[in-house]
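Notes follow once the structure below has been shown.
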Amino acid sequence: MATEGFEAVFVETHNWGKSAKFFQELGYKLETSTGDGSGVFRNGEGPYLVVVEIPENREPGVQVALKVPDADLFRPDPAVEVVTPFHDTHYGTREMTVRDPDGRLWSLQAPANG
């Protein structure tokens, strides 16, 4: 079983309000807001966008999540370095982290129910 394209993009920000407005002006609709500086945006059928406010002393980053249809059936090739195996997240998915040949970390995301 292979990945099926992009599932999500996680964006860290120092200013939730400005970032939310920026993405909304680009056509994203706020789907869910936690009320504490994070939320989920959608724009059509593409990957969802998670924006999270972080402390000023941290450098904002971006993480891309690849879609996996079933965590229980997914077996990466032995050449793929698995950093963390699939585990349940607090936001209702299962996630695995792998490292590419240049050292970048990639998140693989599957539904929690398999």
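So you can find residues: chains in the structure tokens are A, B, ... in the order shown, residues in each start at 1, and ligands are numbered from 1 in order.
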Please report, as a tab-separated table, each residue of segment 51-92 of chain A lying at most 12 Å from segment 3-16 of chain A, together with the nearest pair of atoms and the separation in Å rounded to one decimal; use only C-alpha atoms, and order rows by chain and ascending residue number.
```
residue	atom	partner	partner_atom	distance
A:Val51	CA	A:Val11	CA	4.8
A:Val52	CA	A:Glu12	CA	4.9
A:Glu53	CA	A:Thr13	CA	4.7
A:Ile54	CA	A:His14	CA	5.6
A:Pro55	CA	A:His14	CA	6.5
A:Glu56	CA	A:His14	CA	6.0
A:Asn57	CA	A:His14	CA	9.3
A:Arg58	CA	A:His14	CA	8.7
A:Glu59	CA	A:Glu12	CA	8.4
A:Pro60	CA	A:Glu12	CA	4.9
A:Gly61	CA	A:Glu12	CA	5.4
A:Val62	CA	A:Val11	CA	4.7
A:Gln63	CA	A:Phe10	CA	5.0
A:Val64	CA	A:Val9	CA	4.6
A:Ala65	CA	A:Ala8	CA	5.0
A:Leu66	CA	A:Phe6	CA	4.5
A:Lys67	CA	A:Glu7	CA	4.7
A:Val68	CA	A:Thr3	CA	4.9
A:Pro69	CA	A:Glu4	CA	7.3
A:Asp70	CA	A:Thr3	CA	9.5
A:Ala71	CA	A:Thr3	CA	10.3
A:Leu73	CA	A:Thr3	CA	11.2
A:Phe74	CA	A:Thr3	CA	8.5
A:Arg75	CA	A:Thr3	CA	10.3
A:Pro76	CA	A:Thr3	CA	9.5
A:Asp77	CA	A:Thr3	CA	11.9
```
Please extract the residues of chain A with a backbone DSSP assignment of helix (DSSP H, G or I) and present them as a list in words.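 Of chain A, only Trp16, Gly17, Lys18, Ser19, Ala20, Lys21, Phe22, Phe23, Gln24 and Glu25 of chain A fall in helix (DSSP H, G or I).
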Restricting the output to all heavy atoms, write the selected residues as a PDB file, in the first residue's frame.
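Once written, again.pdb looks like this:
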```pdb
ATOM      1  N   TRP A  16      -2.124  34.216  15.499  1.00  0.00           N
ATOM      2  CA  TRP A  16      -3.264  33.453  14.987  1.00  0.00           C
ATOM      3  C   TRP A  16      -4.217  34.335  14.183  1.00  0.00           C
ATOM      4  O   TRP A  16      -4.633  33.984  13.085  1.00  0.00           O
ATOM      5  CB  TRP A  16      -3.992  32.772  16.142  1.00  0.00           C
ATOM      6  CG  TRP A  16      -5.411  32.405  15.830  1.00  0.00           C
ATOM      7  CD1 TRP A  16      -6.520  33.018  16.306  1.00  0.00           C
ATOM      8  CD2 TRP A  16      -5.864  31.373  14.953  1.00  0.00           C
ATOM      9  NE1 TRP A  16      -7.652  32.420  15.779  1.00  0.00           N
ATOM     10  CE2 TRP A  16      -7.269  31.416  14.944  1.00  0.00           C
ATOM     11  CE3 TRP A  16      -5.222  30.431  14.167  1.00  0.00           C
ATOM     12  CZ2 TRP A  16      -8.039  30.558  14.206  1.00  0.00           C
ATOM     13  CZ3 TRP A  16      -5.997  29.558  13.422  1.00  0.00           C
ATOM     14  CH2 TRP A  16      -7.381  29.617  13.438  1.00  0.00           C
ATOM     15  N   GLY A  17      -4.574  35.489  14.719  1.00  0.00           N
ATOM     16  CA  GLY A  17      -5.539  36.363  14.060  1.00  0.00           C
ATOM     17  C   GLY A  17      -5.091  36.789  12.675  1.00  0.00           C
ATOM     18  O   GLY A  17      -5.859  36.716  11.707  1.00  0.00           O
ATOM     19  N   LYS A  18      -3.858  37.247  12.563  1.00  0.00           N
ATOM     20  CA  LYS A  18      -3.339  37.678  11.256  1.00  0.00           C
ATOM     21  C   LYS A  18      -3.244  36.508  10.286  1.00  0.00           C
ATOM     22  O   LYS A  18      -3.564  36.636   9.109  1.00  0.00           O
ATOM     23  CB  LYS A  18      -1.975  38.346  11.413  1.00  0.00           C
ATOM     24  CG  LYS A  18      -2.040  39.746  11.968  1.00  0.00           C
ATOM     25  CD  LYS A  18      -0.656  40.372  12.009  1.00  0.00           C
ATOM     26  CE  LYS A  18      -0.726  41.787  12.533  1.00  0.00           C
ATOM     27  NZ  LYS A  18       0.615  42.395  12.583  1.00  0.00           N
ATOM     28  N   SER A  19      -2.795  35.363  10.778  1.00  0.00           N
ATOM     29  CA  SER A  19      -2.675  34.196   9.902  1.00  0.00           C
ATOM     30  C   SER A  19      -4.040  33.702   9.452  1.00  0.00           C
ATOM     31  O   SER A  19      -4.224  33.356   8.279  1.00  0.00           O
ATOM     32  CB  SER A  19      -1.914  33.073  10.604  1.00  0.00           C
ATOM     33  OG  SER A  19      -0.562  33.429  10.751  1.00  0.00           O
ATOM     34  N   ALA A  20      -5.007  33.662  10.363  1.00  0.00           N
ATOM     35  CA  ALA A  20      -6.354  33.230   9.999  1.00  0.00           C
ATOM     36  C   ALA A  20      -6.920  34.134   8.914  1.00  0.00           C
ATOM     37  O   ALA A  20      -7.473  33.659   7.915  1.00  0.00           O
ATOM     38  CB  ALA A  20      -7.256  33.223  11.227  1.00  0.00           C
ATOM     39  N   LYS A  21      -6.773  35.426   9.093  1.00  0.00           N
ATOM     40  CA  LYS A  21      -7.275  36.384   8.094  1.00  0.00           C
ATOM     41  C   LYS A  21      -6.561  36.198   6.758  1.00  0.00           C
ATOM     42  O   LYS A  21      -7.189  36.221   5.698  1.00  0.00           O
ATOM     43  CB  LYS A  21      -7.095  37.809   8.607  1.00  0.00           C
ATOM     44  CG  LYS A  21      -7.656  38.840   7.676  1.00  0.00           C
ATOM     45  CD  LYS A  21      -7.580  40.224   8.253  1.00  0.00           C
ATOM     46  CE  LYS A  21      -8.009  41.166   7.149  1.00  0.00           C
ATOM     47  NZ  LYS A  21      -8.746  42.272   7.501  1.00  0.00           N
ATOM     48  N   PHE A  22      -5.245  35.989   6.791  1.00  0.00           N
ATOM     49  CA  PHE A  22      -4.463  35.779   5.573  1.00  0.00           C
ATOM     50  C   PHE A  22      -5.007  34.602   4.768  1.00  0.00           C
ATOM     51  O   PHE A  22      -5.266  34.717   3.575  1.00  0.00           O
ATOM     52  CB  PHE A  22      -2.992  35.543   5.947  1.00  0.00           C
ATOM     53  CG  PHE A  22      -2.121  35.112   4.810  1.00  0.00           C
ATOM     54  CD1 PHE A  22      -1.642  36.035   3.890  1.00  0.00           C
ATOM     55  CD2 PHE A  22      -1.764  33.778   4.654  1.00  0.00           C
ATOM     56  CE1 PHE A  22      -0.828  35.647   2.835  1.00  0.00           C
ATOM     57  CE2 PHE A  22      -0.955  33.377   3.609  1.00  0.00           C
ATOM     58  CZ  PHE A  22      -0.485  34.321   2.693  1.00  0.00           C
ATOM     59  N   PHE A  23      -5.195  33.465   5.433  1.00  0.00           N
ATOM     60  CA  PHE A  23      -5.670  32.280   4.714  1.00  0.00           C
ATOM     61  C   PHE A  23      -7.117  32.435   4.256  1.00  0.00           C
ATOM     62  O   PHE A  23      -7.482  31.968   3.177  1.00  0.00           O
ATOM     63  CB  PHE A  23      -5.447  31.013   5.537  1.00  0.00           C
ATOM     64  CG  PHE A  23      -3.998  30.627   5.601  1.00  0.00           C
ATOM     65  CD1 PHE A  23      -3.278  30.759   6.774  1.00  0.00           C
ATOM     66  CD2 PHE A  23      -3.340  30.166   4.475  1.00  0.00           C
ATOM     67  CE1 PHE A  23      -1.927  30.430   6.821  1.00  0.00           C
ATOM     68  CE2 PHE A  23      -1.991  29.830   4.499  1.00  0.00           C
ATOM     69  CZ  PHE A  23      -1.293  29.966   5.684  1.00  0.00           C
ATOM     70  N   GLN A  24      -7.938  33.108   5.048  1.00  0.00           N
ATOM     71  CA  GLN A  24      -9.314  33.360   4.624  1.00  0.00           C
ATOM     72  C   GLN A  24      -9.343  34.265   3.392  1.00  0.00           C
ATOM     73  O   GLN A  24     -10.159  34.057   2.494  1.00  0.00           O
ATOM     74  CB  GLN A  24     -10.120  33.962   5.779  1.00  0.00           C
ATOM     75  CG  GLN A  24     -10.423  32.918   6.840  1.00  0.00           C
ATOM     76  CD  GLN A  24     -11.029  33.498   8.093  1.00  0.00           C
ATOM     77  OE1 GLN A  24     -10.660  34.583   8.540  1.00  0.00           O
ATOM     78  NE2 GLN A  24     -11.968  32.772   8.682  1.00  0.00           N
ATOM     79  N   GLU A  25      -8.435  35.225   3.320  1.00  0.00           N
ATOM     80  CA  GLU A  25      -8.373  36.094   2.148  1.00  0.00           C
ATOM     81  C   GLU A  25      -7.876  35.342   0.913  1.00  0.00           C
ATOM     82  O   GLU A  25      -8.091  35.780  -0.212  1.00  0.00           O
ATOM     83  CB  GLU A  25      -7.521  37.317   2.445  1.00  0.00           C
ATOM     84  CG  GLU A  25      -8.220  38.271   3.403  1.00  0.00           C
ATOM     85  CD  GLU A  25      -7.389  39.473   3.794  1.00  0.00           C
ATOM     86  OE1 GLU A  25      -6.213  39.571   3.386  1.00  0.00           O
ATOM     87  OE2 GLU A  25      -7.923  40.320   4.544  1.00  0.00           O
TER      88      GLU A  25
END
```
What lies within 12 Å of segment 100-102 of chain A using only C-alpha atoms, ignoring chain neighbours under 2 positions off, as a PDB file with N, CA and C atoms, in the first residue's frame?
```pdb
ATOM      1  N   ALA A  79      13.861   0.552   2.942  1.00  0.00           N
ATOM      2  CA  ALA A  79      14.754   1.674   2.665  1.00  0.00           C
ATOM      3  C   ALA A  79      14.255   2.977   3.283  1.00  0.00           C
ATOM      4  N   VAL A  80      12.990   3.025   3.691  1.00  0.00           N
ATOM      5  CA  VAL A  80      12.412   4.220   4.310  1.00  0.00           C
ATOM      6  C   VAL A  80      12.683   4.173   5.813  1.00  0.00           C
ATOM      7  N   GLU A  81      13.346   5.211   6.319  1.00  0.00           N
ATOM      8  CA  GLU A  81      13.651   5.267   7.745  1.00  0.00           C
ATOM      9  C   GLU A  81      12.410   5.716   8.521  1.00  0.00           C
ATOM     10  N   VAL A  82      11.903   4.835   9.356  1.00  0.00           N
ATOM     11  CA  VAL A  82      10.769   5.168  10.214  1.00  0.00           C
ATOM     12  C   VAL A  82      11.329   5.759  11.507  1.00  0.00           C
ATOM     13  N   VAL A  83      10.963   7.005  11.787  1.00  0.00           N
ATOM     14  CA  VAL A  83      11.412   7.685  13.005  1.00  0.00           C
ATOM     15  C   VAL A  83      10.482   7.334  14.156  1.00  0.00           C
ATOM     16  N   THR A  97       6.054   9.065  11.522  1.00  0.00           N
ATOM     17  CA  THR A  97       7.050  10.006  11.020  1.00  0.00           C
ATOM     18  C   THR A  97       8.166   9.231  10.343  1.00  0.00           C
ATOM     19  N   VAL A  98       8.538   9.689   9.140  1.00  0.00           N
ATOM     20  CA  VAL A  98       9.640   9.088   8.394  1.00  0.00           C
ATOM     21  C   VAL A  98      10.637  10.186   8.028  1.00  0.00           C
ATOM     22  N   ARG A 104      14.922  15.466   6.059  1.00  0.00           N
ATOM     23  CA  ARG A 104      13.643  16.098   6.404  1.00  0.00           C
ATOM     24  C   ARG A 104      12.691  15.067   6.989  1.00  0.00           C
ATOM     25  N   LEU A 105      11.889  15.514   7.968  1.00  0.00           N
ATOM     26  CA  LEU A 105      10.884  14.643   8.559  1.00  0.00           C
ATOM     27  C   LEU A 105       9.553  14.839   7.842  1.00  0.00           C
ATOM     28  N   TRP A 106       8.865  13.717   7.583  1.00  0.00           N
ATOM     29  CA  TRP A 106       7.556  13.728   6.935  1.00  0.00           C
ATOM     30  C   TRP A 106       6.569  13.009   7.837  1.00  0.00           C
ATOM     31  N   SER A 107       5.383  13.578   7.924  1.00  0.00           N
ATOM     32  CA  SER A 107       4.305  12.973   8.679  1.00  0.00           C
ATOM     33  C   SER A 107       3.426  12.180   7.713  1.00  0.00           C
TER      34      SER A 107
END
```
Report, in Å with one decimal, the straight-line distance from atom CA of Glu95 of chain A to atom CA of Gln109 of chain A.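 Atom CA of Glu95 of chain A sits 4.6 Å away from atom CA of Gln109 of chain A.
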